[in-house]
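The next block holds one structure in the form of structure tokens; read it before the comments.
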2 protein chains.
Amino acid sequence: MIVISQSMFFTGPLALRSGASISDYSLAWESYGKLNADKSNAVLVCHALNASHHVAGVYEGQEKSEGWWDNMIGPGKPLDTDRFFVIGVNNLGSCFGSTGPMHTDPATGRIYGADFPVVTVEDWVDAQAALLDRLGIQRLAAVMGGSLGGMQALSWTLQYPERVGHAVVIASAPNLTAENIAFNEVARRAIVTDPDFNGGHFYEHGVIPKRGLRIARMIGHITYLSDDVMNEKFGRMLQPRAPTLPAARGSLPPERALAPPGGPAALGAVKGEANPTTYRYSTQEVEFQIESYLRYQGDKFSEYFDANTYLLITRALDYFDPARDHGGNLSLALAQATAKFLLVSFKTDWRFSPARSREMLKALLDNRRNVSYAEIDAPHGHDAFLLDDVRYVGVVHSYFERVATELGSPA
Amino acid sequence: MIVISQSMFFTGPLALRSGASISDYSLAWESYGKLNADKSNAVLVCHALNASHHVAGVYEGQEKSEGWWDNMIGPGKPLDTDRFFVIGVNNLGSCFGSTGPMHTDPATGRIYGADFPVVTVEDWVDAQAALLDRLGIQRLAAVMGGSLGGMQALSWTLQYPERVGHAVVIASAPNLTAENIAFNEVARRAIVTDPDFNGGHFYEHGVIPKRGLRIARMIGHITYLSDDVMNEKFGRMLQPRAPTLPAARGSLPPERALAPPGGPAALGAVKGEANPTTYRYSTQEVEFQIESYLRYQGDKFSEYFDANTYLLITRALDYFDPARDHGGNLSLALAQATAKFLLVSFKTDWRFSPARSREMLKALLDNRRNVSYAEIDAPHGHDAFLLDDVRYVGVVHSYFERVATELGSPA
């Protein structure tokens with residue numbers, strides 16, 4: 001499926017929850033499949049921290065540019081683009097095409113940097129709604145998202161209940177716990193205290209706070225994986241040593257972090273120690289494979305992700321809390337939702353645990369809403385929502401069969 | 001109980017597991033209670049990452065200088081210094097009195113810094129044994145420790161089985177998991193990539209890598225607490241605002257991070273907002289109380305802890321793995337132990353979970369060793385081993401009653 005990234009310009013102003021507003025902004029977006037005649041088959045897919053509007057398919061001539069949920073969305077896939085018109089939108093403040101901190105503030109002629117207004121999940125939903133207005137889509141067959149994307153899906157059902165048929169909320173939560181906020185805060189402090197951050201106006205200094213971004217990403221990665229899957233993938237295995245190469249510095253490609261595909265012998269070819277069993281006794285060099293993996297993930301992330309975007313998106317996570325305006329009572333908050341729901345959680349997800357999905361389940365049932373819930377016994381932690389567990393994929397597939405049937409779409 | 005910190009000098013050399021050796025080193029130590037005539041009532045208490053030889057009591061004229069395990073150790077306490085002669089030793093490479101990276105290498109006349117040799121749990125045990133030799137103590141009634149201290153207690157039973165009567169291993173593990181190593185690695189990277197680290201020779205530059213130390217400590221703190229206790233203590237409560245003070249910058253005293261003792265009205269006196277319910281919408285200022293708490297903990301730590309010590313001690317944690325020399329078979333490894341054991345774990349400890357203690361339990365039972373095991377349903381996570389849960393304290397108390405009885409000590 002070949003897709004094209006598009007951009008839609010808005011002269012706004014868009015009123016933000018912070019009290020600020022933003023005008024003259026663009027949203028990058030993509031679509032897959034065809035909008036039907038009565039415009040009833042649209043499904044909006046919301047992205048999480050590190051993703052974008054490029055949800056599915058590949059760009060012309062770029063074979064490896066699959067969208068981040070390409071396993072789930074496409075012709076004949078669980079969210080079937082032969083039946084549905086699927087839309088991905090890059091959120092405001094992100095660094096993948098929509099207006100964000102790297103762009104120029106038309107009011108000052110200066111790059112926004114840390115002055116980009118704080119955006120919330122609710123603001124993103126408003127912006128997505130404005131984009132749908134332009135497309136002439138009054139009502140979504142479904143809105144779907146995982147993690148922070150799931151928060152947007154939930155918020156859609158509260159901000160625009162009449163515009164949502166179904167909400168698919170995966171590996172998400174009705175707000176962050178103190179521990180979740182704590183991890184976000186450490187990541188933000190690593191970025192903000194990086195001397196290259198320059199108060200968030202590093203662009204003008206020609207530098208990037210890569211040290212902070214690396215640490216932020218390493219912390220994130222730990223929380224995306226389960227303890228079990230980390231032990232299975234890396235355990236206490238030592239990093240292969242290749243004395244013909246410079247000492248490992250964290251810039252090794254990811255396959256080096258895992259056992260080489262050809263078995264230990266494959267790495268042996270570089271005259272190193274492919275499967276070392278003795279320690280090298282160093283506090284700064286890579287010793288364990290998990291260290292190499294994390295350093296690689298941190299390095300890669302720091303090459304492409306914007307530091308101010310990281311601050312904005314983690315804050316949007318922190319701030320999301322629909323129950324806050326209802327004295328902390330989630331059942332009261334969700335009374336506004338009229339959509340039908342599919343909630344999915346993963347047993348080994350300790351970032352957004354099944355207990356958090358069950359809170360939403362209970363609040364919806366308290367309101368006698370139509371809700372399906374699946375708790376998947378997958379080993380991959382929070383990351384599971386992006387992976388191919390057959391039970392998980394099956395649940396989503398069946399659910400969209402039902403949505404299609406309700407629309408009267410041919411099976 | 002007034003105590004005195006002492007120092008014992010060794011001309012060594014002490015052979016280290018890395019192949020290096022160290023000579024001309026000092027160990028800071030303390031003792032509590034009296035060594036009996038046949039020198040049979042000695043109990044060695046081993047410390048974890050952030051602690052020292054100052055285990056119990058206070059220093060003359062310093063009322064608030066209680067040792068880190070003062071609730072557990074002292075006259076009439078679970079480890080009763082009226083019966084036992086208790087010894088605390090600061091480990092080599094630490095920054096609380098024993099020879100470490102901040103000291104001068106006699107071989108070069110230069111401050112060790114990052115050139116301090118890598119030390120292991122086994123090396124520490126060897127150094128502790130040398131100290132006991134000097135005191136004329138051939139056999140310990142017991143060795144006791146929590147977390148990394150528990151690893152030392154376990155290692156004692158393997159390195160010097162004939163010298164240990166009982167081992168009390170609390171909130172510990174037979175090695176670190178990949179996730180444990182991952183958290184250590186992120187903390188180390190934060191320190192090492194701080195521009196003020198200067199390759200570990202920052203002392204010469206008159207700077208301290210405080211940014212890195214702060215991040216390291218914030219990460220550590222998250223892993224010491226349970227999700228539940230964080231939610232109970234901080235939840236999503238917003239930080240009180242005091243506009244007559246400078247904007248919160250993380251240097252607030254800890255009590256500010258919690259609800260003020262006098263209730264919301266107490267802080268209201270400074271004309272701030274004592275119990276704010278609305279967000280201020282900022283990515284860099286403190287918004288949630290958990291953020292203030294973590295920043296404070298990080299700031300405090302960076303004032304007194306040595307960065308090279310942090311690298312060394314986290315590496316000692318990473319490296320500890322007695323099963324490694326036995327093909328990963330812990331039962332084979334623990335066959336060398338002849339001591340009797342008390343193992344304690346805490347249900348909400350996700351850093352060293354009960355499952356890790358159960359691994360040790362199984363390996364000891366495989367060898368038909370005398371072992372007691374208590375799994376305490378305390379809410380405080382890993383930190384529980386330093387706190388006053390009555391069930392936990394009771395278990396330790398009873399165990400030392402038994403040790404005393406075996407020694408023929410009067411009840």
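Numbering starts fresh at 1 for the residues of each chain in the structure tokens, the chains themselves are lettered A, B, ... in the order given, and ligands are numbered from 1 as they appear.
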
Using only C-alpha atoms, what table do you get, as CSV, when you list each residue of chain B with an atom no more than 6 Å from chain A, its nearest pair of atoms, and their distance in Å rounded to one decimal, rows by chain then rising number?
residue,atom,partner,partner_atom,distance
B:Ser18,CA,A:Tyr281,CA,5.8
B:Ala178,CA,A:Gly235,CA,5.0
B:Glu179,CA,A:Asp227,CA,5.8
B:Asp227,CA,A:Glu179,CA,5.8
B:Met230,CA,A:Ala178,CA,5.8
B:Asn231,CA,A:Ala178,CA,5.4
B:Gly235,CA,A:Ala178,CA,5.0
B:Tyr281,CA,A:Ser18,CA,5.8
B:Thr283,CA,A:Leu311,CA,5.8
B:Leu311,CA,A:Thr283,CA,5.8

Take the residues just selected and output them with all heavy atoms as a PDB file, in the first residue's frame.
ATOM      1  N   SER B  18      38.935  -8.476  39.528  1.00  0.00           N
ATOM      2  CA  SER B  18      39.243  -7.959  38.194  1.00  0.00           C
ATOM      3  C   SER B  18      40.640  -8.329  37.735  1.00  0.00           C
ATOM      4  O   SER B  18      40.990  -8.150  36.582  1.00  0.00           O
ATOM      5  CB  SER B  18      39.120  -6.434  38.192  1.00  0.00           C
ATOM      6  OG  SER B  18      40.145  -5.873  39.001  1.00  0.00           O
ATOM      7  N   ALA B 178      17.888  -8.364  33.810  1.00  0.00           N
ATOM      8  CA  ALA B 178      18.207  -7.422  32.730  1.00  0.00           C
ATOM      9  C   ALA B 178      17.619  -6.045  33.036  1.00  0.00           C
ATOM     10  O   ALA B 178      18.246  -5.016  32.768  1.00  0.00           O
ATOM     11  CB  ALA B 178      17.671  -7.951  31.402  1.00  0.00           C
ATOM     12  N   GLU B 179      16.416  -6.027  33.604  1.00  0.00           N
ATOM     13  CA  GLU B 179      15.791  -4.734  33.914  1.00  0.00           C
ATOM     14  C   GLU B 179      16.570  -3.999  35.003  1.00  0.00           C
ATOM     15  O   GLU B 179      16.775  -2.781  34.922  1.00  0.00           O
ATOM     16  CB  GLU B 179      14.343  -4.947  34.361  1.00  0.00           C
ATOM     17  CG  GLU B 179      13.568  -3.661  34.543  1.00  0.00           C
ATOM     18  CD  GLU B 179      12.159  -3.917  35.061  1.00  0.00           C
ATOM     19  OE1 GLU B 179      11.991  -4.077  36.287  1.00  0.00           O
ATOM     20  OE2 GLU B 179      11.228  -3.981  34.234  1.00  0.00           O
ATOM     21  N   ASP B 227       4.559   1.289  43.235  1.00  0.00           N
ATOM     22  CA  ASP B 227       3.561   2.112  42.562  1.00  0.00           C
ATOM     23  C   ASP B 227       2.468   2.515  43.565  1.00  0.00           C
ATOM     24  O   ASP B 227       2.050   3.676  43.617  1.00  0.00           O
ATOM     25  CB  ASP B 227       2.980   1.275  41.413  1.00  0.00           C
ATOM     26  CG  ASP B 227       2.171   2.102  40.436  1.00  0.00           C
ATOM     27  OD1 ASP B 227       2.353   3.327  40.396  1.00  0.00           O
ATOM     28  OD2 ASP B 227       1.355   1.508  39.714  1.00  0.00           O
ATOM     29  N   MET B 230       3.598   5.154  46.125  1.00  0.00           N
ATOM     30  CA  MET B 230       3.724   6.451  45.432  1.00  0.00           C
ATOM     31  C   MET B 230       2.350   7.076  45.222  1.00  0.00           C
ATOM     32  O   MET B 230       2.183   8.288  45.370  1.00  0.00           O
ATOM     33  CB  MET B 230       4.365   6.253  44.063  1.00  0.00           C
ATOM     34  CG  MET B 230       5.835   6.516  44.047  1.00  0.00           C
ATOM     35  SD  MET B 230       6.349   6.892  42.357  1.00  0.00           S
ATOM     36  CE  MET B 230       8.089   6.658  42.545  1.00  0.00           C
ATOM     37  N   ASN B 231       1.396   6.248  44.840  1.00  0.00           N
ATOM     38  CA  ASN B 231       0.048   6.782  44.643  1.00  0.00           C
ATOM     39  C   ASN B 231      -0.551   7.259  45.952  1.00  0.00           C
ATOM     40  O   ASN B 231      -1.243   8.269  46.005  1.00  0.00           O
ATOM     41  CB  ASN B 231      -0.861   5.717  44.010  1.00  0.00           C
ATOM     42  CG  ASN B 231      -0.668   5.646  42.517  1.00  0.00           C
ATOM     43  OD1 ASN B 231      -0.323   6.641  41.880  1.00  0.00           O
ATOM     44  ND2 ASN B 231      -0.879   4.470  41.948  1.00  0.00           N
ATOM     45  N   GLY B 235       0.141  10.517  44.717  1.00  0.00           N
ATOM     46  CA  GLY B 235      -0.948  10.437  43.757  1.00  0.00           C
ATOM     47  C   GLY B 235      -0.753  11.444  42.641  1.00  0.00           C
ATOM     48  O   GLY B 235       0.347  11.587  42.116  1.00  0.00           O
ATOM     49  N   TYR B 281       0.047  24.557  33.590  1.00  0.00           N
ATOM     50  CA  TYR B 281       0.430  24.303  32.197  1.00  0.00           C
ATOM     51  C   TYR B 281       1.856  24.761  31.908  1.00  0.00           C
ATOM     52  O   TYR B 281       2.111  25.780  31.281  1.00  0.00           O
ATOM     53  CB  TYR B 281      -0.560  24.951  31.213  1.00  0.00           C
ATOM     54  CG  TYR B 281      -1.924  24.319  31.273  1.00  0.00           C
ATOM     55  CD1 TYR B 281      -2.987  24.947  31.906  1.00  0.00           C
ATOM     56  CD2 TYR B 281      -2.141  23.054  30.730  1.00  0.00           C
ATOM     57  CE1 TYR B 281      -4.238  24.348  31.978  1.00  0.00           C
ATOM     58  CE2 TYR B 281      -3.386  22.448  30.800  1.00  0.00           C
ATOM     59  CZ  TYR B 281      -4.432  23.101  31.434  1.00  0.00           C
ATOM     60  OH  TYR B 281      -5.662  22.499  31.503  1.00  0.00           O
ATOM     61  N   THR B 283       5.870  22.940  31.054  1.00  0.00           N
ATOM     62  CA  THR B 283       6.642  21.710  30.837  1.00  0.00           C
ATOM     63  C   THR B 283       7.861  21.638  31.749  1.00  0.00           C
ATOM     64  O   THR B 283       8.433  20.566  31.922  1.00  0.00           O
ATOM     65  CB  THR B 283       7.140  21.603  29.382  1.00  0.00           C
ATOM     66  OG1 THR B 283       7.933  22.756  29.076  1.00  0.00           O
ATOM     67  CG2 THR B 283       5.990  21.491  28.406  1.00  0.00           C
ATOM     68  N   LEU B 311      29.185   4.743  40.080  1.00  0.00           N
ATOM     69  CA  LEU B 311      29.505   3.809  38.988  1.00  0.00           C
ATOM     70  C   LEU B 311      30.007   2.484  39.548  1.00  0.00           C
ATOM     71  O   LEU B 311      29.589   1.404  39.107  1.00  0.00           O
ATOM     72  CB  LEU B 311      30.570   4.403  38.069  1.00  0.00           C
ATOM     73  CG  LEU B 311      30.294   5.778  37.443  1.00  0.00           C
ATOM     74  CD1 LEU B 311      31.420   6.134  36.469  1.00  0.00           C
ATOM     75  CD2 LEU B 311      28.962   5.800  36.722  1.00  0.00           C
TER      76      LEU B 311
END

Could you build a table of the residues in stretch 23-131 of chain B lying no more than 8 Å from stretch 400-403 of chain B, giving for each the nearest pair of atoms and their separation in Å rounded to one decimal place, using only C-alpha atoms, ordered by chain and ascending residue number, as CSV?
residue,atom,partner,partner_atom,distance
B:Pro78,CA,B:Phe400,CA,6.9
B:Leu79,CA,B:Phe400,CA,6.2
B:Asp80,CA,B:Phe400,CA,8.0

Put those residues in a file: N, CA, C and O atoms, as a JSON list (two decimals), in the first residue's frame.
[["chain", "number", "residue", "atom", "x", "y", "z"],
["B", 78, "PRO", "N", 15.63, -5.59, 67.60],
["B", 78, "PRO", "CA", 15.65, -6.95, 67.01],
["B", 78, "PRO", "C", 17.06, -7.55, 66.94],
["B", 78, "PRO", "O", 17.25, -8.71, 67.31],
["B", 79, "LEU", "N", 18.01, -6.80, 66.44],
["B", 79, "LEU", "CA", 19.40, -7.24, 66.55],
["B", 79, "LEU", "C", 19.96, -6.50, 67.77],
["B", 79, "LEU", "O", 20.36, -5.35, 67.72],
["B", 80, "ASP", "N", 19.95, -7.24, 68.90],
["B", 80, "ASP", "CA", 20.12, -6.63, 70.22],
["B", 80, "ASP", "C", 21.61, -6.48, 70.55],
["B", 80, "ASP", "O", 22.33, -7.47, 70.73]]

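Of the listed residues A:Ala274, A:Leu364, A:Leu158, A:Val164, the one whose atoms come nearest to A:Gln336 is A:Leu158, with distances taken using only C-alpha atoms.
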
### Task
Might you pull out every residue within 10 Å of B:Asp389, with only C-alpha atoms counted and same-chain residues fewer than 2 positions away left off, and present them as a list in words?
Ile376, Asp377, Ala378, Pro379, His380, Ala384, Phe385, Leu386, Leu387, Arg391, Tyr392, Val393 and Gly394 of chain B

Could you write out that same residue set with all heavy atoms as a compact mmCIF listing (two decimals), in the first residue's frame?
# COMPACT_ATOMS: atom_id res chain seq x y z
N ILE B 376 6.87 -10.67 53.26
CA ILE B 376 6.09 -9.69 54.02
C ILE B 376 5.20 -8.88 53.09
O ILE B 376 5.67 -8.33 52.09
CB ILE B 376 7.03 -8.74 54.80
CG1 ILE B 376 8.08 -9.52 55.60
CG2 ILE B 376 6.22 -7.78 55.67
CD1 ILE B 376 7.54 -10.23 56.81
N ASP B 377 3.94 -8.79 53.45
CA ASP B 377 2.97 -8.06 52.62
C ASP B 377 2.97 -6.58 52.99
O ASP B 377 1.95 -6.02 53.38
CB ASP B 377 1.58 -8.68 52.81
CG ASP B 377 0.59 -8.18 51.78
OD1 ASP B 377 1.03 -7.54 50.80
OD2 ASP B 377 -0.62 -8.43 51.94
N ALA B 378 4.13 -5.95 52.85
CA ALA B 378 4.26 -4.52 53.17
C ALA B 378 4.08 -3.71 51.89
O ALA B 378 4.45 -4.16 50.82
CB ALA B 378 5.63 -4.24 53.78
N PRO B 379 3.54 -2.50 52.01
CA PRO B 379 3.23 -1.73 50.80
C PRO B 379 4.40 -0.90 50.24
O PRO B 379 4.25 -0.29 49.20
CB PRO B 379 2.12 -0.78 51.28
CG PRO B 379 2.42 -0.56 52.72
CD PRO B 379 3.03 -1.85 53.22
N HIS B 380 5.55 -0.90 50.90
CA HIS B 380 6.54 0.14 50.63
C HIS B 380 7.58 -0.19 49.58
O HIS B 380 8.56 0.52 49.44
CB HIS B 380 7.24 0.52 51.93
CG HIS B 380 6.30 0.87 53.03
ND1 HIS B 380 5.90 -0.03 53.98
CD2 HIS B 380 5.63 2.02 53.28
CE1 HIS B 380 5.04 0.54 54.80
NE2 HIS B 380 4.84 1.77 54.40
N ALA B 384 11.00 -1.05 51.93
CA ALA B 384 10.43 -1.68 53.12
C ALA B 384 11.51 -2.25 54.02
O ALA B 384 11.33 -2.32 55.25
CB ALA B 384 9.43 -2.76 52.72
N PHE B 385 12.64 -2.65 53.45
CA PHE B 385 13.65 -3.30 54.30
C PHE B 385 14.26 -2.33 55.30
O PHE B 385 14.88 -2.73 56.28
CB PHE B 385 14.70 -4.03 53.45
CG PHE B 385 15.92 -3.25 53.06
CD1 PHE B 385 17.04 -3.19 53.88
CD2 PHE B 385 15.98 -2.60 51.83
CE1 PHE B 385 18.18 -2.50 53.49
CE2 PHE B 385 17.11 -1.91 51.44
CZ PHE B 385 18.21 -1.85 52.27
N LEU B 386 14.08 -1.03 55.07
CA LEU B 386 14.59 -0.02 55.99
C LEU B 386 13.51 0.49 56.94
O LEU B 386 13.79 1.33 57.79
CB LEU B 386 15.17 1.15 55.20
CG LEU B 386 16.39 0.81 54.34
CD1 LEU B 386 16.70 1.94 53.37
CD2 LEU B 386 17.61 0.54 55.24
N LEU B 387 12.29 0.01 56.79
CA LEU B 387 11.17 0.57 57.54
C LEU B 387 10.69 -0.37 58.64
O LEU B 387 11.22 -1.46 58.82
CB LEU B 387 10.03 0.91 56.57
CG LEU B 387 10.42 1.92 55.46
CD1 LEU B 387 9.29 2.11 54.47
CD2 LEU B 387 10.83 3.26 56.07
N ARG B 391 5.52 -6.99 61.22
CA ARG B 391 5.73 -8.41 60.88
C ARG B 391 7.19 -8.65 60.54
O ARG B 391 7.83 -9.61 60.98
CB ARG B 391 4.82 -8.81 59.72
CG ARG B 391 3.34 -8.75 60.07
CD ARG B 391 2.48 -8.53 58.85
NE ARG B 391 2.75 -7.22 58.23
CZ ARG B 391 2.09 -6.74 57.19
NH1 ARG B 391 1.12 -7.45 56.62
NH2 ARG B 391 2.38 -5.55 56.69
N TYR B 392 7.73 -7.75 59.73
CA TYR B 392 9.14 -7.84 59.32
C TYR B 392 10.07 -7.76 60.54
O TYR B 392 10.91 -8.64 60.76
CB TYR B 392 9.41 -6.73 58.31
CG TYR B 392 10.84 -6.36 58.05
CD1 TYR B 392 11.81 -7.33 57.80
CD2 TYR B 392 11.22 -5.02 57.99
CE1 TYR B 392 13.12 -6.96 57.52
CE2 TYR B 392 12.52 -4.64 57.71
CZ TYR B 392 13.47 -5.62 57.48
OH TYR B 392 14.76 -5.26 57.21
N VAL B 393 9.88 -6.73 61.33
CA VAL B 393 10.73 -6.54 62.50
C VAL B 393 10.60 -7.73 63.44
O VAL B 393 11.59 -8.21 64.01
CB VAL B 393 10.37 -5.20 63.21
CG1 VAL B 393 11.11 -5.09 64.53
CG2 VAL B 393 10.71 -4.02 62.30
N GLY B 394 9.38 -8.25 63.56
CA GLY B 394 9.15 -9.41 64.42
C GLY B 394 9.91 -10.64 63.95
O GLY B 394 10.49 -11.38 64.76

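If you count only C-alpha atoms and ignore residues fewer than 4 places along the chain from A:Glu30, what sits within 9 Å of it is Val3, Ile4, Ser5, Gln6, Ser7, His53, His54, Val55, Ala56, Val86, Ile87, Gly88, Val89 and Asn90 of chain A.
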
### Residue neighbourhood B:Phe352, 7 Å, only C-alpha atoms, exclusion window fewer than 3 positions, as JSON, numbers by chain
{"B": [171, 172, 173, 349, 356, 382]}

Just the selected residues (C-alpha atoms), exported as a compact mmCIF listing (two decimals), in the first residue's frame, please.
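Here's the written file out32.txt:
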# COMPACT_ATOMS: atom_id res chain seq x y z
CA ALA B 171 15.13 -7.89 49.98
CA SER B 172 17.93 -9.27 47.91
CA ALA B 173 18.56 -11.42 44.84
CA ASP B 349 9.30 -4.87 46.02
CA ARG B 356 14.20 -13.67 43.48
CA HIS B 382 12.12 -2.16 48.10

## Note on the structure
Min atom-atom distance to B:Val395 from the set B:Phe320, B:Phe341, B:Phe197, B:Tyr373, counting only C-alpha atoms, belongs to B:Tyr373

Sorted per-residue table, stretch 305-385 of chain B near stretch 98-110 of chain B, closest atoms and distance, 9 Å, only C-alpha atoms, as JSON lines:
{"residue": "B:Asp306", "atom": "CA", "partner": "B:Met102", "partner_atom": "CA", "distance": 7.7}
{"residue": "B:Ala307", "atom": "CA", "partner": "B:Pro101", "partner_atom": "CA", "distance": 8.9}
{"residue": "B:Asn308", "atom": "CA", "partner": "B:Pro101", "partner_atom": "CA", "distance": 6.2}
{"residue": "B:Thr309", "atom": "CA", "partner": "B:Pro101", "partner_atom": "CA", "distance": 6.7}

### Query
Hey, what does DSSP flag as strand (DSSP E or B) within stretch 188-342 of chain B? Can you give it to me as a PyMOL selection string?
chain B and resi 238+241+273+288+340-342

### Point-to-point distance from atom CA of B:Met144 to atom CA of B:His47, Å rounded to tenths
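Atom-to-atom, atom CA of B:Met144 and atom CA of B:His47 are spaced 9.0 Å apart.
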
### Task
Using DSSP on the backbone coordinates, identify the residues of stretch 41-152 of chain B assigned to alpha helix (DSSP H); present them as a list in words.
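After running DSSP on the backbone, stretch 41-152 of chain B has alpha helix (DSSP H) at Val121, Glu122, Asp123, Trp124, Val125, Asp126, Ala127, Gln128, Ala129, Ala130, Leu131, Leu132, Asp133, Arg134, Leu148, Gly149, Gly150, Met151 and Gln152 of chain B.
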